[in-house]
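Worksheet: one structure, shown below.
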Amino acid sequence: MILPNKTRAKAALLFISIVLVFSVISIAIQYYIYKVLSAALPLAESSCIECHIYKIFSDYSRKSIEDAAGAYFVFLSVLFFIEVVCVASFLMWFYRAYGNLYKKAGRLKYAKGWAFGGWIVPLLNLYMPFLMIRELFQKTAELLKDSPAKIVISRHKISIWWFLWILNWYVNIRILMAHKKAEDLEQYLGALGIQIFSTAIFILLLAKTIHLILTCSKAETQLFEESAQG
């Protein structure tokens with residue numbers, strides 16, 4: 001008998017939605033900082049990034065600027081914590097969803113333990129989660145082909161979702177490298193530009209993930225009800 005997974009789906013959707021809201025706020029802040037620093041770039045007289053920031057916001061006291069920076073750091077720390085919870089809730093939902101499919105459809109390509117392991121094992125995490133999620137949707141669609149609650153999501157959409165995930169991972173590595181090499185204001189702006197691009201990708205990825213979970217959860221609920229009736 002398959003296990004209920006609606007609560008886990010709701011938890012994953014809740015935390016993903018929270019991260020989505022925080023990410024929208026974050027990209028707005030990043031763009032504001034980029035715009036302000038870009039305007040000051042032609043006036044740059046030294047490579048000291050911190051000096052430029054204090055000069056640009058000279059109307060504010062040093063303590064006010066440091067307090068604002070501290071508040072933004074707290075914001076990012078809270079966002080990171082929520083992202084960790086978000087990932088955990090998503091994996092819990094996915095593990096049960098794949099496990100339920102394993103019980104309902106019989107033999108699958110992967111053991112259900114890979115619903116966790118496939119995300120954390122190096123190299124395998126570049127393709128295995130994509131194959132498992134694609135199988136989850138394909139098999140569920142086959143099981144519900146004669147049901148009113150048909151699962152409608154193309155392989156193309158799943159491929160786009162996974163491409164965004166890989167692209168986000170790659171761009172995040174580029175951000176770390178760019179910030180590490182940034183020695184003047186121009187290079188810092190370049191790194192910040194990459195960061196804005198990364199956040200935009202992340203927002204799209206979150207939106208796509210919400211759509212995937214909603215679609216699969218609806219179909220999974222139908223499978224659970226049919227299993228209970230049977």
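Residue numbers start at 1 in each chain; chains themselves are named A, B, ... in the order of the structure tokens; ligands are numbered from 1 in the order shown.
Using only C-alpha atoms, the contacts of Gly106 in chain A at a cut-off of 12 Å, with sequence neighbours closer than 5 positions omitted, comprise A:Met1, A:Ile2, A:Tyr98, A:Gly99, A:Asn100, A:Leu101, A:Ala111, A:Lys112, A:Lys139, A:Thr140, A:Leu143.
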Open item on the list: Residues within 9 Å of Val171 in chain A, please, as a list in words. Count only C-alpha atoms; anything in the same chain fewer than 6 positions from it doesn't count.
Closed with: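 Listing them by chain and then by number gives Ile194, Gln195, Phe197 and Ser198 of chain A.
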May I have the residues within 9 Å of Cys216 in chain A as a PDB file with N, CA and C atoms, in the first residue's frame, using only C-alpha atoms and disregarding those fewer than 6 positions away in the same chain?
```pdb
ATOM      1  N   ALA A  97       7.584   9.935  -2.851  1.00  0.00           N
ATOM      2  CA  ALA A  97       6.917   9.859  -4.154  1.00  0.00           C
ATOM      3  C   ALA A  97       7.497   8.722  -4.989  1.00  0.00           C
ATOM      4  N   LEU A 136       9.588   9.100 -12.734  1.00  0.00           N
ATOM      5  CA  LEU A 136       8.455   9.315 -11.824  1.00  0.00           C
ATOM      6  C   LEU A 136       7.243   9.826 -12.585  1.00  0.00           C
ATOM      7  N   PHE A 137       7.447  10.796 -13.451  1.00  0.00           N
ATOM      8  CA  PHE A 137       6.335  11.364 -14.209  1.00  0.00           C
ATOM      9  C   PHE A 137       5.835  10.416 -15.288  1.00  0.00           C
ATOM     10  N   THR A 140       3.967   7.427 -13.563  1.00  0.00           N
ATOM     11  CA  THR A 140       2.719   7.896 -12.965  1.00  0.00           C
ATOM     12  C   THR A 140       1.687   8.176 -14.053  1.00  0.00           C
ATOM     13  N   ILE A 151      -1.743  12.992 -15.576  1.00  0.00           N
ATOM     14  CA  ILE A 151      -0.593  13.850 -15.320  1.00  0.00           C
ATOM     15  C   ILE A 151      -0.102  14.400 -16.659  1.00  0.00           C
TER      16      ILE A 151
END
```
TODO: Tell me, in Å to one decimal, how far CA of Lys104 in chain A is from CA of Phe90 in chain A.
DONE: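 Taking CA of Lys104 in chain A as the start and CA of Phe90 in chain A as the end point, the length is 21.0 Å.
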Task: Nearest to Phe202 in chain A by atom-to-atom distance, counting only C-alpha atoms, from A:Leu185, A:Leu3, A:Leu20, A:Ala11 - done: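 Nearest to Phe202 in chain A: A:Leu20.
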Open item on the list: Ranking A:Asn125, A:Phe73, A:Gln138, A:Phe94 by minimum distance to Leu108 in chain A and counting only C-alpha atoms, which one comes first?
Closed with: A:Gln138
- [ ] For Ile173 in chain A, list every protein, DNA or RNA residue within 12 Å, evaluated using only C-alpha atoms, and leave out those in the same chain fewer than 5 positions away; present the list as a VMD selection string.
- [x] chain A and resid 166 to 168 178 to 180 191 194 to 195 198
For the selection you just gave me, I'd like the residues written to a file as a JSON list (two decimals), in the first residue's frame, keeping N, CA and C atoms.
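Contents of the output file part28.json:
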```json
[["chain", "number", "residue", "atom", "x", "y", "z"],
["A", 166, "ILE", "N", 21.31, 22.64, -13.40],
["A", 166, "ILE", "CA", 22.73, 22.51, -13.73],
["A", 166, "ILE", "C", 23.34, 23.89, -13.98],
["A", 167, "LEU", "N", 22.61, 24.74, -14.70],
["A", 167, "LEU", "CA", 23.11, 26.08, -14.99],
["A", 167, "LEU", "C", 23.30, 26.88, -13.71],
["A", 168, "ASN", "N", 22.35, 26.76, -12.78],
["A", 168, "ASN", "CA", 22.45, 27.47, -11.51],
["A", 168, "ASN", "C", 23.67, 26.99, -10.72],
["A", 178, "ALA", "N", 34.72, 34.57, -9.28],
["A", 178, "ALA", "CA", 34.75, 35.99, -9.61],
["A", 178, "ALA", "C", 34.96, 36.86, -8.39],
["A", 179, "HIS", "N", 34.27, 36.52, -7.29],
["A", 179, "HIS", "CA", 34.43, 37.30, -6.05],
["A", 179, "HIS", "C", 35.84, 37.12, -5.47],
["A", 180, "LYS", "N", 36.38, 35.93, -5.63],
["A", 180, "LYS", "CA", 37.71, 35.66, -5.11],
["A", 180, "LYS", "C", 38.76, 36.47, -5.86],
["A", 191, "ALA", "N", 31.46, 40.54, -10.84],
["A", 191, "ALA", "CA", 31.03, 39.42, -9.98],
["A", 191, "ALA", "C", 29.59, 39.61, -9.54],
["A", 194, "ILE", "N", 27.18, 38.69, -12.32],
["A", 194, "ILE", "CA", 27.00, 37.24, -12.41],
["A", 194, "ILE", "C", 26.05, 36.76, -11.31],
["A", 195, "GLN", "N", 26.18, 37.36, -10.13],
["A", 195, "GLN", "CA", 25.33, 36.98, -9.00],
["A", 195, "GLN", "C", 23.87, 37.31, -9.28],
["A", 198, "SER", "N", 22.60, 34.75, -11.62],
["A", 198, "SER", "CA", 22.39, 33.49, -10.91],
["A", 198, "SER", "C", 21.09, 33.51, -10.11]]
```
